[in-house]
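J.: See start-v9.pdb below, with PDB, C-alpha atoms and all ligand atoms.
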MODEL        1
ATOM      1  CA  MET C   1     -25.813  24.501 -16.399
ATOM      2  CA  ARG C   2     -22.545  25.336 -18.125
ATOM      3  CA  HIS C   3     -19.787  26.693 -15.864
ATOM      4  CA  ASN C   4     -17.727  29.603 -17.064
ATOM      5  CA  ARG C   5     -13.930  29.351 -17.305
ATOM      6  CA  SER C   6     -13.138  30.681 -13.857
ATOM      7  CA  GLN C   7     -15.553  28.283 -12.175
ATOM      8  CA  ARG C   8     -14.020  25.390 -14.084
ATOM      9  CA  GLY C   9     -10.531  26.575 -13.152
ATOM     10  CA  SER C  10     -11.352  26.871  -9.467
ATOM     11  CA  THR C  11     -12.619  23.291  -9.488
ATOM     12  CA  ARG C  12      -9.414  22.101 -11.122
ATOM     13  CA  SER C  13      -7.149  24.083  -8.802
ATOM     14  CA  HIS C  14      -6.660  20.924  -6.726
ATOM     15  CA  HIS C  15      -5.976  18.648  -9.676
ATOM     16  CA  GLY C  16      -2.333  19.546 -10.199
ATOM     17  CA  LEU C  17       0.414  16.957  -9.807
ATOM     18  CA  LYS C  18       2.511  17.105  -6.710
ATOM     19  CA  GLY C  19       6.240  16.624  -6.698
ATOM     20  CA  ILE C  20       7.801  13.281  -5.851
ATOM     21  CA  ALA C  21       8.382  12.646  -2.164
ATOM     22  CA  LEU C  22      12.090  12.446  -1.476
ATOM     23  CA  THR C  23      13.704  11.388   1.758
ATOM     24  CA  LYS C  24      17.336  11.104   2.699
ATOM     25  CA  CYS C  25      19.085   7.799   3.010
ATOM     26  CA  PRO C  26      20.128   7.476   6.680
ATOM     27  CA  ASP C  27      23.405   5.853   5.670
ATOM     28  CA  CYS C  28      24.691   8.007   2.826
ATOM     29  CA  ASN C  29      22.480  11.147   3.092
ATOM     30  CA  ILE C  30      21.456  10.958  -0.548
ATOM     31  CA  ALA C  31      17.959  11.879  -1.692
ATOM     32  CA  VAL C  32      15.985   8.688  -2.202
ATOM     33  CA  MET C  33      12.456   8.120  -3.436
ATOM     34  CA  ARG C  34      10.193   6.843  -0.697
ATOM     35  CA  HIS C  35       9.486   3.115  -0.437
ATOM     36  CA  GLN C  36      12.407   2.326  -2.709
ATOM     37  CA  ALA C  37      15.847   1.007  -1.968
ATOM     38  CA  CYS C  38      18.711   3.494  -2.010
ATOM     39  CA  SER C  39      20.469   3.429  -5.362
ATOM     40  CA  ASN C  40      23.780   4.389  -3.753
ATOM     41  CA  CYS C  41      24.125   1.759  -1.019
ATOM     42  CA  GLY C  42      21.266  -0.626  -1.909
ATOM     43  CA  LYS C  43      19.698  -0.466   1.519
ATOM     44  CA  TYR C  44      16.037  -0.248   2.401
ATOM     45  CA  ARG C  45      15.029   0.385   6.003
ATOM     46  CA  GLY C  46      18.533  -0.374   7.208
ATOM     47  CA  LYS C  47      18.853  -3.690   5.432
ATOM     48  CA  VAL C  48      20.877  -4.399   2.318
ATOM     49  CA  VAL C  49      18.311  -5.322  -0.294
ATOM     50  CA  ILE C  50      20.342  -4.930  -3.462
ATOM     51  CA  ASN C  51      23.908  -6.107  -3.647
ATOM     52  CA  LEU C  52      25.611  -3.271  -5.472
ATOM     53  CA  GLU C  53      29.158  -4.574  -5.055
ATOM     54  CA  LYS C  54      30.723  -5.072  -8.412
ATOM     55  CA  LYS C  55      31.409  -8.701  -9.069
ATOM     56  CA  PRO C  56      34.431  -9.743 -11.112
ATOM     57  CA  LYS C  57      33.237 -10.728 -14.541
ATOM     58  CA  THR C  58      32.969 -14.467 -14.908
ATOM     59  CA  LYS C  59      33.684 -15.586 -18.410
ATOM     60  CA  THR C  60      30.812 -17.494 -19.878
ATOM     61  CA  ALA C  61      31.349 -19.838 -22.750
ATOM     62  CA  LYS C  62      30.249 -17.836 -25.739
ATOM     63  CA  THR C  63      28.852 -19.489 -28.788
ATOM     64  CA  PRO C  64      30.898 -18.337 -31.771
ATOM     65  CA  LYS C  65      29.155 -15.877 -34.061
ATOM     66  CA  LYS C  66      28.130 -16.811 -37.565
ATOM     67  CA  SER C  67      30.959 -14.834 -39.095
ATOM     68  CA  GLU C  68      33.475 -16.592 -36.859
ATOM     69  CA  LYS C  69      32.070 -19.988 -37.812
ATOM     70  CA  LYS C  70      32.530 -19.212 -41.490
ATOM     71  CA  ALA C  71      36.123 -18.160 -40.905
ATOM     72  CA  GLU C  72      36.871 -21.454 -39.184
ATOM     73  CA  ALA C  73      35.303 -23.503 -41.961
ATOM     74  CA  LYS C  74      37.558 -22.020 -44.645
TER      75      LYS C  74
HETATM   76 ZN    ZN C 101      22.105   4.894   0.829
ENDMDL
END
Please express what this file holds, its structure, as structure tokens.
T.:
Amino acid sequence: MRHNRSQRGSTRSHHGLKGIALTKCPDCNIAVMRHQACSNCGKYRGKVVINLEKKPKTKTAKTPKKSEKKAEAK
């Protein structure tokens, strides 16, 4: 039998999405998504998981671009 709109709606009343679960990082008190490392300090469950310290840029030997190659050839 076909349900009317209110019966359908009452069934779907539980189908809504719930908000994301946020907790606070114990170290920096910033809202963090659960089961994910803190984006501020890189810690998860008290351990540093991601090293967020900025490293000094190491220069890698770049291959010259095509336009640069042409300039050298002339
Ligand atoms: Zn943190």
J.: What residues of the protein or nucleic acid chains come within 6 Å of ligand ZN 101 (chain C) when you use all atoms listed in the file? Reply as a PyMOL selection string.
T.: chain C and resi 25+27-28+38+40-41+43
J.: Just write the chosen residues, C-alpha atoms, as a PDB file, in the frame of the given file.
T.:
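Result file follows (result15.pdb):
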ATOM      1  CA  CYS C  25      19.085   7.799   3.010  1.00  0.00           C
ATOM      2  CA  ASP C  27      23.405   5.853   5.670  1.00  0.00           C
ATOM      3  CA  CYS C  28      24.691   8.007   2.826  1.00  0.00           C
ATOM      4  CA  CYS C  38      18.711   3.494  -2.010  1.00  0.00           C
ATOM      5  CA  ASN C  40      23.780   4.389  -3.753  1.00  0.00           C
ATOM      6  CA  CYS C  41      24.125   1.759  -1.019  1.00  0.00           C
ATOM      7  CA  LYS C  43      19.698  -0.466   1.519  1.00  0.00           C
TER       8      LYS C  43
END
J.: Suppose you want the space between atom CA of C:Leu17 and atom CA of C:His3; what is it in Å?
T.: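 Answer for the atom CA of C:Leu17 to atom CA of C:His3 separation: 23.2 Å.
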J.: Work out how far atom CA of C:Ile20 is from atom CA of C:Arg5, in Å to one decimal.
T.: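 Atom CA of C:Ile20 lies at a distance of 29.4 Å from atom CA of C:Arg5.
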J.: To verify the selection step, state as a VMD selection string which residues the PyMOL selection byres (((chain C and resi 52) around 10) and not hetatm) yields on this input.
T.: chain C and resid 39 to 43 48 to 51 53 to 55
J.: Take the residues from that selection and write them out as a JSON list (two decimals), in the frame of the given file, keeping C-alpha atoms.
T.:
[["chain", "number", "residue", "atom", "x", "y", "z"],
["C", 39, "SER", "CA", 20.47, 3.43, -5.36],
["C", 40, "ASN", "CA", 23.78, 4.39, -3.75],
["C", 41, "CYS", "CA", 24.12, 1.76, -1.02],
["C", 42, "GLY", "CA", 21.27, -0.63, -1.91],
["C", 43, "LYS", "CA", 19.70, -0.47, 1.52],
["C", 48, "VAL", "CA", 20.88, -4.40, 2.32],
["C", 49, "VAL", "CA", 18.31, -5.32, -0.29],
["C", 50, "ILE", "CA", 20.34, -4.93, -3.46],
["C", 51, "ASN", "CA", 23.91, -6.11, -3.65],
["C", 53, "GLU", "CA", 29.16, -4.57, -5.06],
["C", 54, "LYS", "CA", 30.72, -5.07, -8.41],
["C", 55, "LYS", "CA", 31.41, -8.70, -9.07]]
J.: Given 4 Å of margin on each side, can you work out the centre and size in Å (one decimal) of an axis-aligned box holding every listed atom of stretch 49-63 of chain C, as lines of an AutoDock Vina configuration file?
T.:
center_x = 26.4
center_y = -11.6
center_z = -14.5
size_x = 24.1
size_y = 24.6
size_z = 36.5
J.: What does the structure give for the distance between atom CA of C:Ser13 and atom CA of C:Arg34, in Å to one decimal?
T.: 25.8 Å
J.: Taking into account all atoms listed in the file, which residue in the set C:Thr58, C:Ser6, C:Thr23, C:Thr11 is nearest to C:Gln36?
T.: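 Under the stated criterion, the closest residue is C:Thr23.
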